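Asker: Got a structure for you, target11.txt, holding compact mmCIF, C-alpha atoms.
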```txt
# COMPACT_ATOMS: atom_id res chain seq x y z
CA MET B 238 22.43 30.01 -4.17
CA ALA B 239 22.94 31.81 -7.43
CA ALA B 240 21.33 34.82 -5.82
CA SER B 241 24.08 35.22 -3.24
CA THR B 242 26.53 37.87 -4.24
CA GLU B 243 29.51 37.33 -1.99
CA CYS B 244 30.53 34.56 0.38
CA THR B 245 32.29 34.96 3.69
CA THR B 246 33.19 32.22 6.11
CA VAL B 247 31.94 32.91 9.62
CA LEU B 248 32.55 31.28 12.98
CA PRO B 249 30.19 31.03 15.96
CA GLY B 250 30.33 34.26 17.96
CA ASP B 251 31.21 36.48 15.00
CA ILE B 252 29.32 39.75 15.20
CA LEU B 253 27.81 40.42 11.81
CA THR B 254 25.75 43.52 12.54
CA ASP B 255 27.81 45.74 10.25
CA ARG B 256 27.82 43.21 7.44
CA VAL B 257 24.05 42.74 7.64
CA ASN B 258 23.24 46.43 7.99
CA ARG B 259 25.40 47.44 5.05
CA SER B 260 22.51 47.70 2.63
CA GLY B 261 20.51 50.05 4.88
CA SER B 262 17.29 48.14 4.41
CA LYS B 263 14.48 48.61 6.88
CA LYS B 264 13.65 45.00 7.64
CA TYR B 265 15.97 42.02 7.62
CA LYS B 266 15.26 38.34 7.48
CA LEU B 267 17.74 36.18 9.35
CA GLY B 268 17.88 32.49 8.63
CA PRO B 269 19.38 29.44 10.31
CA GLY B 270 22.73 30.07 11.97
CA LEU B 271 22.08 33.68 12.87
CA THR B 272 20.72 35.03 16.15
CA VAL B 273 20.07 38.44 17.60
CA GLN B 274 21.72 39.24 20.93
CA SER B 275 20.81 42.69 22.25
CA GLU B 276 20.70 44.48 18.90
CA ASP B 277 23.68 42.56 17.52
CA VAL B 278 23.49 39.92 14.83
CA VAL B 279 25.66 37.03 15.92
CA ALA B 280 26.59 33.86 14.06
CA CYS B 281 25.93 30.64 15.96
CA LYS B 282 27.19 28.16 13.39
CA CYS B 283 30.35 27.93 11.38
CA GLY B 284 29.80 28.04 7.69
CA VAL B 285 29.38 30.35 4.76
CA LEU B 286 27.30 33.48 5.16
CA LYS B 287 24.90 33.79 2.28
CA SER B 288 22.61 36.61 1.34
CA LYS B 289 19.78 37.29 -1.07
CA GLU B 290 18.40 40.67 -2.15
CA ASN B 291 20.59 42.37 0.49
CA SER B 292 17.95 41.84 3.16
CA THR B 293 17.96 38.09 3.79
CA PHE B 294 20.91 36.35 5.38
CA TRP B 295 21.61 32.79 6.43
CA ILE B 296 24.53 30.49 7.08
CA ASP B 297 25.06 27.48 4.87
CA ASN B 298 26.99 24.78 6.66
CA HIS B 299 27.82 21.10 6.77
CA GLN B 300 25.75 19.34 9.39
CA LYS B 301 24.45 15.85 10.03
CA ARG B 302 22.26 16.35 13.10
CA TYR B 303 18.79 17.51 12.20
CA ILE B 304 17.21 20.37 14.15
CA PRO B 305 13.45 20.46 13.48
CA ALA B 306 12.15 23.58 11.76
CA LYS B 307 8.51 24.35 11.24
CA GLY B 308 7.12 23.59 7.80
CA GLU B 309 9.90 21.29 6.63
CA ASN B 310 9.18 17.93 5.05
CA VAL B 311 11.01 15.04 6.67
CA ILE B 312 11.25 11.26 6.41
CA GLY B 313 10.45 9.57 9.71
CA ILE B 314 10.50 6.01 10.98
CA VAL B 315 7.45 4.92 12.96
CA THR B 316 8.77 3.46 16.22
CA LEU B 317 5.73 3.15 18.45
CA ARG B 318 1.96 3.12 18.36
CA ALA B 319 0.67 4.75 21.51
CA GLY B 320 -3.09 5.19 21.68
CA ASP B 321 -4.06 7.74 19.09
CA ILE B 322 -0.57 8.89 18.13
CA PHE B 323 2.46 7.36 16.49
CA ARG B 324 5.96 8.06 17.76
CA VAL B 325 8.16 8.85 14.82
CA ASP B 326 11.94 9.07 14.77
CA ILE B 327 13.00 11.99 12.58
CA GLY B 328 16.64 12.10 13.63
CA SER B 329 16.23 14.99 16.03
CA ASN B 330 16.89 15.03 19.78
CA LEU B 331 13.26 14.16 20.54
CA PRO B 332 10.96 11.76 18.72
CA ALA B 333 8.10 13.44 16.90
CA SER B 334 4.43 12.61 17.38
CA LEU B 335 2.05 11.96 14.51
CA SER B 336 -1.69 11.73 15.12
CA TYR B 337 -3.52 8.93 13.32
CA LEU B 338 -6.15 11.49 12.31
CA SER B 339 -3.66 13.54 10.33
CA PHE B 340 -3.63 11.18 7.36
CA GLU B 341 -5.68 11.69 4.24
CA GLY B 342 -9.14 10.20 4.61
CA ALA B 343 -8.59 9.05 8.20
CA THR B 344 -11.44 9.16 10.69
CA LYS B 345 -11.89 7.79 14.21
CA ARG B 346 -13.47 4.69 12.73
CA ASN B 347 -11.24 4.39 9.72
CA ARG B 348 -7.66 4.27 10.96
CA PRO B 349 -4.72 4.54 8.56
CA ASN B 350 -2.75 1.39 7.96
CA VAL B 351 0.60 2.30 9.49
CA GLN B 352 2.87 -0.36 10.96
CA ILE B 353 5.86 -0.01 13.24
CA GLY B 354 8.97 0.35 11.09
CA ASP B 355 7.14 2.07 8.24
CA LEU B 356 8.58 5.18 6.70
CA VAL B 357 6.43 8.29 6.54
CA TYR B 358 7.01 11.47 4.59
CA ALA B 359 5.52 14.18 6.77
CA LYS B 360 5.47 17.90 7.37
CA LEU B 361 6.54 19.43 10.68
CA LEU B 362 3.61 21.31 12.16
CA VAL B 363 5.17 22.16 15.50
CA ALA B 364 8.91 22.57 15.86
CA ASN B 365 9.93 24.25 19.03
CA ARG B 366 13.01 23.85 21.16
CA ASP B 367 10.90 23.27 24.26
CA MET B 368 8.28 20.93 22.86
CA ASP B 369 8.03 17.61 21.10
CA PRO B 370 7.91 18.07 17.34
CA GLU B 371 4.56 17.30 15.77
CA LEU B 372 4.05 15.88 12.30
CA VAL B 373 1.15 15.84 9.86
CA CYS B 374 0.64 13.97 6.62
CA ILE B 375 -2.01 16.31 5.20
CA ASP B 376 -2.11 19.95 4.21
CA SER B 377 -4.57 22.54 5.48
CA SER B 378 -7.22 21.39 3.00
CA GLY B 379 -7.03 17.78 4.21
CA GLN B 380 -5.28 16.40 1.13
CA SER B 381 -2.08 14.41 1.31
CA ASN B 382 -0.35 15.99 -1.73
CA GLY B 383 2.50 13.50 -1.74
CA LEU B 384 2.81 13.16 2.04
CA GLY B 385 2.09 9.88 3.82
CA VAL B 386 3.45 6.37 4.18
CA LEU B 387 6.25 5.46 1.78
CA SER B 388 6.11 2.11 0.07
CA THR B 389 8.04 -0.73 1.68
CA GLU B 390 9.72 -1.55 -1.64
CA GLY B 391 12.14 1.35 -1.34
CA PHE B 392 15.49 1.80 0.30
CA MET B 393 16.43 4.55 2.72
CA PHE B 394 19.90 5.87 3.44
CA ARG B 395 21.35 8.80 5.35
CA CYS B 396 23.39 11.72 4.13
CA SER B 397 24.35 15.19 5.29
CA LEU B 398 21.72 17.90 5.55
CA HIS B 399 23.67 19.97 3.08
CA LEU B 400 23.34 17.32 0.39
CA CYS B 401 19.57 17.18 0.88
CA ARG B 402 19.34 20.91 0.39
CA LYS B 403 21.58 20.74 -2.64
CA LEU B 404 19.40 18.09 -4.27
CA LEU B 405 16.25 20.09 -3.56
CA SER B 406 17.54 23.37 -4.90
CA PRO B 407 16.12 24.22 -8.33
CA GLU B 408 19.60 24.72 -9.79
CA CYS B 409 20.78 21.18 -9.09
CA SER B 410 20.46 18.99 -12.17
CA LEU B 411 21.43 15.65 -10.61
CA LEU B 412 17.98 14.13 -10.25
CA ARG B 413 16.95 15.22 -13.73
CA VAL B 414 20.09 13.72 -15.25
CA LEU B 415 19.70 10.52 -13.25
CA GLY B 416 16.01 10.32 -14.13
CA LYS B 417 16.89 10.28 -17.83
CA LYS B 418 19.12 7.22 -17.32
CA ILE B 419 16.95 4.94 -15.18
CA PRO B 420 13.37 4.93 -13.94
CA LEU B 421 13.43 5.86 -10.28
CA GLU B 422 11.42 7.41 -7.48
CA VAL B 423 13.17 9.58 -4.92
CA THR B 424 11.94 11.16 -1.72
CA ILE B 425 14.19 13.63 0.04
CA GLY B 426 13.62 14.60 3.65
CA MET B 427 15.13 17.78 5.02
CA ASN B 428 16.41 15.67 7.94
CA GLY B 429 19.18 14.04 5.93
CA ARG B 430 17.30 10.94 4.81
CA ILE B 431 16.79 9.91 1.24
CA TRP B 432 14.43 7.15 0.14
CA LEU B 433 14.98 5.51 -3.22
CA ARG B 434 12.96 3.10 -5.30
CA CYS B 435 14.31 1.58 -8.48
CA ARG B 436 13.54 -1.55 -10.51
CA SER B 437 16.46 -3.63 -9.27
CA VAL B 438 18.96 -3.78 -6.44
CA SER B 439 21.90 -2.90 -8.67
CA GLU B 440 20.12 0.18 -9.96
CA THR B 441 19.35 1.23 -6.41
CA ILE B 442 23.00 0.88 -5.43
CA GLY B 443 24.08 2.82 -8.50
CA ALA B 444 21.58 5.61 -7.83
CA MET B 445 22.59 5.81 -4.19
CA ASN B 446 26.29 6.09 -5.07
CA THR B 447 25.52 8.79 -7.62
CA ILE B 448 23.56 10.81 -5.08
CA LEU B 449 26.24 10.46 -2.41
CA ALA B 450 28.97 11.40 -4.89
CA ALA B 451 27.04 14.53 -5.87
CA GLU B 452 27.73 16.27 -2.57
CA TYR B 453 31.13 17.55 -3.65
CA THR B 454 30.55 17.57 -7.40
CA SER B 455 29.93 20.88 -9.11
CA ASP B 456 26.87 21.22 -11.31
CA GLU B 457 28.77 21.12 -14.61
CA ASN B 458 30.54 17.86 -13.66
CA ILE B 459 27.34 16.07 -12.70
CA PRO B 460 26.40 14.64 -16.16
CA SER B 461 29.86 13.09 -16.65
CA MET B 462 29.82 11.71 -13.11
CA VAL B 463 26.40 10.11 -13.63
CA GLU B 464 27.56 8.70 -16.95
CA LYS B 465 30.65 7.18 -15.33
CA ILE B 466 28.80 5.47 -12.50
CA MET B 467 25.98 4.24 -14.73
CA SER B 468 28.38 2.72 -17.27
CA ALA B 469 30.31 0.99 -14.47
CA MET B 470 27.02 -0.39 -13.19
CA ALA B 471 25.88 -1.63 -16.60
CA GLY B 472 27.91 -4.83 -16.33
CA TYR B 473 25.96 -6.12 -13.32
CA MET F 281 2.38 47.33 44.22
CA ARG F 282 -0.17 49.97 44.74
CA GLN F 283 -3.85 50.36 44.36
CA GLN F 284 -4.83 52.29 41.33
CA ASN F 285 -6.45 55.60 42.22
CA GLY F 286 -9.87 55.99 40.77
CA LYS F 287 -12.31 58.75 41.31
CA ARG F 288 -15.02 57.81 43.71
CA MET F 289 -18.39 59.08 42.69
CA PRO F 290 -21.37 59.34 45.03
CA ILE F 291 -24.11 56.96 44.13
CA GLU F 292 -26.75 58.20 46.54
CA THR F 293 -29.75 59.62 44.83
CA THR F 294 -31.57 61.04 47.86
CA HIS F 295 -30.15 63.36 50.43
CA CYS F 296 -31.52 65.99 52.82
CA GLY F 297 -30.94 69.73 52.85
CA ALA F 298 -28.39 71.42 55.07
CA ASN F 299 -30.76 72.34 57.89
CA GLY F 300 -32.86 69.27 57.70
CA SER F 301 -35.94 71.50 57.52
CA LYS F 302 -37.04 70.69 54.01
CA PRO F 303 -35.92 67.73 51.93
CA GLU F 304 -34.47 68.69 48.55
CA LYS F 305 -36.35 67.71 45.44
CA SER F 306 -35.38 64.15 44.91
CA ILE F 307 -37.12 60.90 44.33
CA ALA F 308 -36.82 57.75 46.37
CA SER F 309 -35.03 54.94 44.57
CA PRO F 310 -37.94 52.48 44.42
CA PHE F 311 -39.82 54.97 42.30
CA VAL F 312 -36.86 55.62 40.12
CA GLN F 313 -36.89 52.00 39.13
CA LEU F 314 -40.43 52.15 37.81
CA TRP F 315 -40.57 51.89 34.05
CA PHE F 316 -42.14 55.27 33.38
CA MET F 317 -39.52 56.98 35.51
CA GLN F 318 -36.64 55.32 33.66
CA LYS F 319 -36.92 57.49 30.60
CA LYS F 320 -36.34 60.76 32.40
CA TYR F 321 -34.31 59.73 35.36
CA GLY F 322 -32.30 56.94 33.75
CA ALA F 323 -30.68 59.06 31.10
CA GLU F 324 -29.41 61.56 33.66
CA ASN F 325 -27.88 58.99 35.92
CA ALA F 326 -26.70 56.38 33.47
CA ALA F 327 -23.37 58.02 32.80
CA GLU F 328 -22.82 58.74 36.48
CA GLU F 329 -23.53 55.20 37.51
CA GLU F 330 -21.34 53.78 34.82
CA GLU F 331 -18.49 55.98 35.99
CA ALA F 332 -19.01 54.80 39.57
CA LEU F 333 -18.95 51.20 38.46
CA ARG F 334 -15.78 51.70 36.46
CA SER F 335 -13.98 53.37 39.36
CA LYS F 336 -14.99 50.45 41.57
CA VAL F 337 -13.58 48.01 39.06
CA ASP F 338 -10.37 50.03 38.83
CA GLU F 339 -10.02 50.01 42.60
CA ASP F 340 -10.40 46.26 42.72
CA HIS F 341 -7.82 45.81 40.04
CA TRP F 342 -4.24 45.64 41.26
CA VAL F 343 -1.46 46.55 38.90
CA LEU F 344 2.32 46.53 39.08
CA ASP F 345 3.82 49.95 39.59
CA LEU F 346 5.94 49.90 36.47
CA PRO F 347 6.42 52.28 33.58
CA GLU F 348 4.59 51.17 30.49
CA LEU F 349 6.63 48.90 28.28
CA ALA F 350 7.36 50.46 24.94
CA ALA F 351 6.31 48.30 22.01
CA ASN F 352 9.66 47.90 20.40
CA GLU F 353 9.61 46.07 17.15
CA SER F 354 12.81 44.43 16.06
CA LYS F 355 14.00 44.99 12.53
CA TYR F 356 15.22 41.41 12.39
CA GLU F 357 12.89 38.61 11.52
CA LEU F 358 14.15 35.17 12.49
CA GLU F 359 13.39 32.02 10.58
CA THR F 360 14.65 28.53 11.39
CA SER F 361 14.03 26.74 8.13
CA PHE F 362 16.21 26.77 5.03
CA VAL F 363 13.27 26.26 2.71
CA PRO F 364 12.30 29.92 2.08
CA PHE F 365 15.92 31.03 1.73
CA GLU F 366 17.08 28.57 -0.88
CA ASP F 367 13.74 28.17 -2.72
CA LEU F 368 13.79 24.44 -2.08
CA GLN F 369 11.44 22.23 -4.04
CA PHE F 370 8.97 19.65 -2.77
CA GLY F 371 10.98 16.54 -1.93
CA ARG F 372 9.29 13.84 -4.00
CA PHE F 373 10.30 13.02 -7.54
CA SER F 374 9.50 10.26 -9.96
CA PHE F 375 11.09 9.66 -13.35
CA LYS F 376 10.20 7.47 -16.32
CA GLY F 377 6.81 6.49 -14.89
CA MET F 378 8.03 4.88 -11.68
CA ASN F 379 5.16 6.47 -9.73
CA PRO F 380 2.62 8.20 -11.98
CA ALA F 381 0.84 9.84 -9.02
CA ILE F 382 4.01 11.66 -8.02
CA GLU F 383 4.76 12.66 -11.60
CA LYS F 384 1.32 14.19 -11.85
CA LEU F 385 1.85 16.02 -8.58
CA THR F 386 5.21 17.38 -9.75
CA ALA F 387 3.65 18.56 -13.00
CA ASN F 388 0.90 20.33 -11.04
CA LEU F 389 3.42 22.05 -8.78
CA GLN F 390 5.48 23.09 -11.78
CA ALA F 391 2.42 24.49 -13.54
CA LYS F 392 1.41 26.38 -10.43
CA LYS F 393 4.88 27.85 -10.05
CA GLU F 394 5.02 28.92 -13.70
CA ASN F 395 1.60 30.48 -13.38
CA GLU F 396 2.69 32.50 -10.38
CA GLU F 397 5.84 33.61 -12.15
CA SER F 398 3.98 34.74 -15.25
CA GLU F 399 1.48 36.59 -13.10
CA ALA F 400 4.28 38.37 -11.31
CA ARG F 401 5.83 39.28 -14.65
CA GLU F 402 2.50 40.55 -15.91
CA LYS F 403 2.08 42.70 -12.86
CA GLU F 404 5.46 44.23 -13.50
CA LEU F 405 4.58 45.12 -17.06
CA GLU F 406 1.09 46.24 -16.26
CA VAL F 407 0.30 49.96 -16.13
CA THR F 408 -0.97 51.08 -12.75
CA ASP F 409 -4.26 52.89 -12.39
CA GLU F 410 -2.59 56.15 -11.43
CA GLU F 411 -0.27 56.06 -14.40
CA MET F 412 -3.24 55.39 -16.63
CA ALA F 413 -5.19 58.29 -15.18
CA SER F 414 -2.35 60.76 -15.52
CA ARG F 415 -1.62 59.61 -19.04
CA TYR F 416 -5.21 59.95 -20.12
CA ALA F 417 -5.53 63.36 -18.52
CA SER F 418 -2.68 64.67 -20.63
CA LEU F 419 -3.65 62.68 -23.72
CA VAL F 420 -7.16 64.09 -24.06
CA GLY F 421 -5.78 67.58 -24.53
CA THR F 422 -2.99 66.44 -26.83
CA ILE F 423 -5.20 64.59 -29.25
CA GLY F 424 -7.92 67.22 -29.11
CA LYS F 425 -5.41 69.81 -30.28
CA LYS F 426 -4.79 67.87 -33.43
CA PHE F 427 -8.28 68.43 -34.74
CA ASN F 428 -8.28 72.16 -34.14
CA THR F 429 -6.93 74.86 -36.39
CA LYS F 430 -4.35 77.19 -35.00
CA ARG F 431 -6.83 79.99 -34.48
CA ASN F 432 -9.35 77.72 -32.87
CA ARG F 433 -6.84 76.36 -30.46
CA THR F 434 -6.29 79.58 -28.58
CA SER F 435 -9.93 80.54 -28.61
CA THR F 436 -11.24 77.22 -27.30
CA MET F 437 -8.76 77.27 -24.47
CA GLU F 438 -9.80 80.76 -23.43
CA GLU F 439 -13.44 79.93 -23.78
CA SER F 440 -13.30 76.91 -21.55
CA ASP F 441 -11.56 78.88 -18.85
CA ALA F 442 -13.26 82.23 -18.93
CA LYS F 443 -16.73 81.81 -20.28
CA LYS F 444 -19.19 79.40 -18.82
CA ARG F 445 -22.48 78.97 -20.59
CA LYS F 446 -25.44 80.09 -18.65
CA PHE F 447 -29.10 79.47 -18.98
CA LEU F 448 -30.65 82.45 -20.69
CA LYS F 449 -34.13 83.35 -19.65
CA PRO F 450 -36.42 83.86 -22.62
CA SER F 451 -37.88 87.35 -22.81
CA ASP F 452 -41.56 87.86 -22.09
CA GLU F 453 -42.19 89.83 -25.26
CA SER F 454 -44.74 88.22 -27.44
```
Take the structure in the file and write it out as C-alpha cells.
Answerer:
Amino acid sequence: MAASTECTTVLPGDILTDRVNRSGSKKYKLGPGLTVQSEDVVACKCGVLKSKENSTFWIDNHQKRYIPAKGENVIGIVTLRAGDIFRVDIGSNLPASLSYLSFEGATKRNRPNVQIGDLVYAKLLVANRDMDPELVCIDSSGQSNGLGVLSTEGFMFRCSLHLCRKLLSPECSLLRVLGKKIPLEVTIGMNGRIWLRCRSVSETIGAMNTILAAEYTSDENIPSMVEKIMSAMAGY
Amino acid sequence: MRQQNGKRMPIETTHCGANGSKPEKSIASPFVQLWFMQKKYGAENAAEEEEALRSKVDEDHWVLDLPELAANESKYELETSFVPFEDLQFGRFSFKGMNPAIEKLTANLQAKKENEESEAREKELEVTDEEMASRYASLVGTIGKKFNTKRNRTSTMEESDAKKRKFLKPSDES
C-alpha cells in the first residue's frame, strides 16, 4: 500500500488501457478487479486503482462476499462429512471440499478428528469459477505449518474483506499493539472471517471491538484507539 | 475439411522390365527378410519405407482446413488473489504466549523473510563475474606499471607485442 504512488477511483467498465500502459513496460500484472477485453484493460469493480512498480495494478475495494482465489488461506466451517471428503463453508457461492487425507499425518487408517461445526484454517488449492473450490490443510511437503482445525475455545466473527487485508498487511500495527496489551491468538482468513482466542470473555469482546474499529482508523491513530478501548474494558 | 495430401511412394520391391523378356535385377521379398540380406538391402529401403508409412499416416489423418493459429502471447498476466499484490502475511498470530506453536511458526517465517531480504541485498551489492573480469583485466596492467621504471615501461610494452621468444636450436659445433 505504501508502494502505490497515486490513487484513482474507478468504476466498473472504465477503460484503463492508457493508464496501465503509461509506464511502457513490457509485461503487466493485473490483479483482482481488472480484466482484459480484446486488448483493453477494463475495470470490473468499483474501488481505488492501486499500482506497484509501474507494472502491477489492482483495485482495492470494499467487499463482503468472498470470491475464492487460488492460494489464499481461509477460515471454513465444516458442514458435512461425506465419505472421504468434508464439505466446508467458506462464504463463497459454493461450498468447498476438503479431503480427509489432506491433514498433517492423516492416512486411510488414521483419520483426522474433525467434527461437524469445527473451524478449519485451510489453503485454497483449486479456485475456479466453474468448479467447486478445494481446500487443503497441508503444504506441498506434507506439513501443516499452522493450517488445520482451530481450537473450539475461540470465537469467530465476520468482517469485510478489506479489513482482513488491512490486518494482514505488514504496515498495519494493530495486532502488534493489541498483542502488547493482552495475551491473544488471532487467525485471519482472507474470506472475511476472524477467529479470536483470549483468556476471558470480556477480553475477547474488547479485542473484537478493537479489530472492528480498526477498519476506518488510520495507522497513527491505532495506539490511542486501542488504549481507549482497553481502558474502558478494564472495569469489567 | 479435406484430406491432407501426402506423397505416395511405391512400396513394391520387385517389378518386371518393359518388354517382359527379362526380369530386372531384383530380389523377392521373402529373401529380403532373411537376416543376412537385411544389412545390405535394409539400409537402402529403410528411409523409403518410413516415408511411405508416414504418408499413409498423413492420409489417414484428417485436419481442419484452417490457417495456423498464431501463438499470440498477451502482455497482461491476470491474478485473482490479493496476496502477492499487497505482500500479505500468514494469517495466524499469537501474542504473550497464548499459543507457543504459532509464535514459533511466526518467528520462523520472520527469520526466513529476513534471510531472503538480506540475500537480495547482498546480491545487489555483489560484483558480477563480468565486472570482476573486466576490472582485473585493466588492473593487472595498471599495477604492473607501478613497478617499472619509465624507460622499462615503453620497452616491455613493445617487447610483448612485437617480439615473441622462440626456441633456438643449439648449434652443432663442438
Asker: If you count only C-alpha atoms, which residues fall within 10 Å of Thr386 of chain F, apart from same-chain ones fewer than 2 positions away, as a list of chain:residue names?
Answerer: B:Asn382, B:Gly383, F:Gln369, F:Phe370, F:Gly371, F:Arg372, F:Phe373, F:Ser374, F:Pro380, F:Ala381, F:Ile382, F:Glu383, F:Lys384, F:Asn388, F:Leu389, F:Gln390, F:Ala391, F:Lys392
Asker: Near segment 352-367 of chain F, within 6 Å and counting only C-alpha atoms, which residues show up once chain neighbours fewer than 6 positions away are dropped, as JSON, numbers by chain?
Answerer: {"B": [264, 265, 266, 267, 268, 269, 306]}
Asker: Find the residues near Arg413 of chain B: any atom within 12 Å, counting all atoms listed in the file, skip ones fewer than 3 places away on the same chain, and give them as a list of chain:residue names.
Answerer: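 So the residues in contact are B:Leu404, B:Leu405, B:Pro407, B:Glu408, B:Cys409, B:Ser410, B:Gly416, B:Lys417, B:Lys418, B:Ile419, B:Pro420, B:Leu421, B:Glu422, B:Val423, B:Ile448, B:Asp456, B:Ile459, B:Pro460, B:Val463, F:Phe373, F:Ser374, F:Phe375, F:Lys376.
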Asker: Those same residues, written as a PDB file, in the frame of the given file with C-alpha atoms?
Answerer:
```
ATOM      1  CA  LEU B 404      19.400  18.090  -4.270  1.00  0.00           C
ATOM      2  CA  LEU B 405      16.250  20.090  -3.560  1.00  0.00           C
ATOM      3  CA  PRO B 407      16.120  24.220  -8.330  1.00  0.00           C
ATOM      4  CA  GLU B 408      19.600  24.720  -9.790  1.00  0.00           C
ATOM      5  CA  CYS B 409      20.780  21.180  -9.090  1.00  0.00           C
ATOM      6  CA  SER B 410      20.460  18.990 -12.170  1.00  0.00           C
ATOM      7  CA  GLY B 416      16.010  10.320 -14.130  1.00  0.00           C
ATOM      8  CA  LYS B 417      16.890  10.280 -17.830  1.00  0.00           C
ATOM      9  CA  LYS B 418      19.120   7.220 -17.320  1.00  0.00           C
ATOM     10  CA  ILE B 419      16.950   4.940 -15.180  1.00  0.00           C
ATOM     11  CA  PRO B 420      13.370   4.930 -13.940  1.00  0.00           C
ATOM     12  CA  LEU B 421      13.430   5.860 -10.280  1.00  0.00           C
ATOM     13  CA  GLU B 422      11.420   7.410  -7.480  1.00  0.00           C
ATOM     14  CA  VAL B 423      13.170   9.580  -4.920  1.00  0.00           C
ATOM     15  CA  ILE B 448      23.560  10.810  -5.080  1.00  0.00           C
ATOM     16  CA  ASP B 456      26.870  21.220 -11.310  1.00  0.00           C
ATOM     17  CA  ILE B 459      27.340  16.070 -12.700  1.00  0.00           C
ATOM     18  CA  PRO B 460      26.400  14.640 -16.160  1.00  0.00           C
ATOM     19  CA  VAL B 463      26.400  10.110 -13.630  1.00  0.00           C
TER      20      VAL B 463
ATOM     21  CA  PHE F 373      10.300  13.020  -7.540  1.00  0.00           C
ATOM     22  CA  SER F 374       9.500  10.260  -9.960  1.00  0.00           C
ATOM     23  CA  PHE F 375      11.090   9.660 -13.350  1.00  0.00           C
ATOM     24  CA  LYS F 376      10.200   7.470 -16.320  1.00  0.00           C
TER      25      LYS F 376
END
```
Asker: What does the distance between atom CA of Ala413 of chain F and atom CA of Glu396 of chain F come to in Å, to one decimal place?
Answerer: 27.4 Å
Asker: Report, in Å with one decimal, the straight-line distance from atom CA of Leu384 of chain B to atom CA of Ala359 of chain B.
Answerer: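 Atom-to-atom, atom CA of Leu384 of chain B and atom CA of Ala359 of chain B are spaced 5.5 Å apart.
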Asker: Given all atoms listed in the file as the basis, pick out the residue of B:Asn258, B:Gln352, B:Ser339, B:Asn446 nearest to chain F.
Answerer: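 Going through B:Asn258, B:Gln352, B:Ser339, B:Asn446 one by one, the smallest distance to chain F is for B:Asn258.
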Asker: One number please: atom CA of Val285 of chain B to atom CA of Asp297 of chain B, in Å, one decimal.
Answerer: 5.2 Å
Asker: Which is closest to Val257 of chain B among B:Ala471, B:Thr316, B:Glu276, B:Ser381, if we use all atoms listed in the file?
Answerer: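 Of B:Ala471, B:Thr316, B:Glu276, B:Ser381, the one nearest Val257 of chain B is B:Glu276, counting all atoms listed in the file.
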Asker: Near Met467 of chain B, counting only C-alpha atoms, which residues have an atom at most 10 Å away, once you skip same-chain residues fewer than 2 positions from it, shown as an NGL selection string?
Answerer: :B and (415 or 418-419 or 440 or 443-444 or 446-447 or 461-465 or 469-472)
Asker: Go through B:Cys244, B:His399, B:Lys345, B:Asp251 one by one, measure the shortest atom-to-atom distance of each to Lys289 of chain B using only C-alpha atoms, and give the residue with the smallest value.
Answerer: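 Ranking B:Cys244, B:His399, B:Lys345, B:Asp251 by distance to Lys289 of chain B, first place goes to B:Cys244.
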Asker: With only C-alpha atoms as the counted atoms, please give the residues lying no more than 9 Å from segment 395-397 of chain B, apart from itself and same-chain residues fewer than 3 positions off, as a list of chain:residue names.
Answerer: B:His299, B:Gln300, B:Lys301, B:Arg302, B:Leu400, B:Cys401, B:Asn428, B:Gly429, B:Arg430, B:Ile431, B:Trp432, B:Leu449, B:Glu452
Asker: Considering only C-alpha atoms, can you say which of F:Leu368, F:Ala327, F:Ala417, F:Leu448 comes closest to Gly308 of chain B?
Answerer: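 Of F:Leu368, F:Ala327, F:Ala417, F:Leu448, the one nearest Gly308 of chain B is F:Leu368, counting only C-alpha atoms.
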Asker: Here is a test: counting all atoms listed in the file, which residue of B:Leu253, B:Ser262, B:Leu248, B:Ala364 is nearest to Pro332 of chain B?
Answerer: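 For Pro332 of chain B, the nearest of the given residues is B:Ala364.
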Asker: Find, counting all atoms listed in the file, the residue in F:Lys393, F:Lys426, F:Lys403, F:Lys446 that gets nearest to chain B.
Answerer: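 Residue with the minimum atom-to-atom distance to chain B: F:Lys393.
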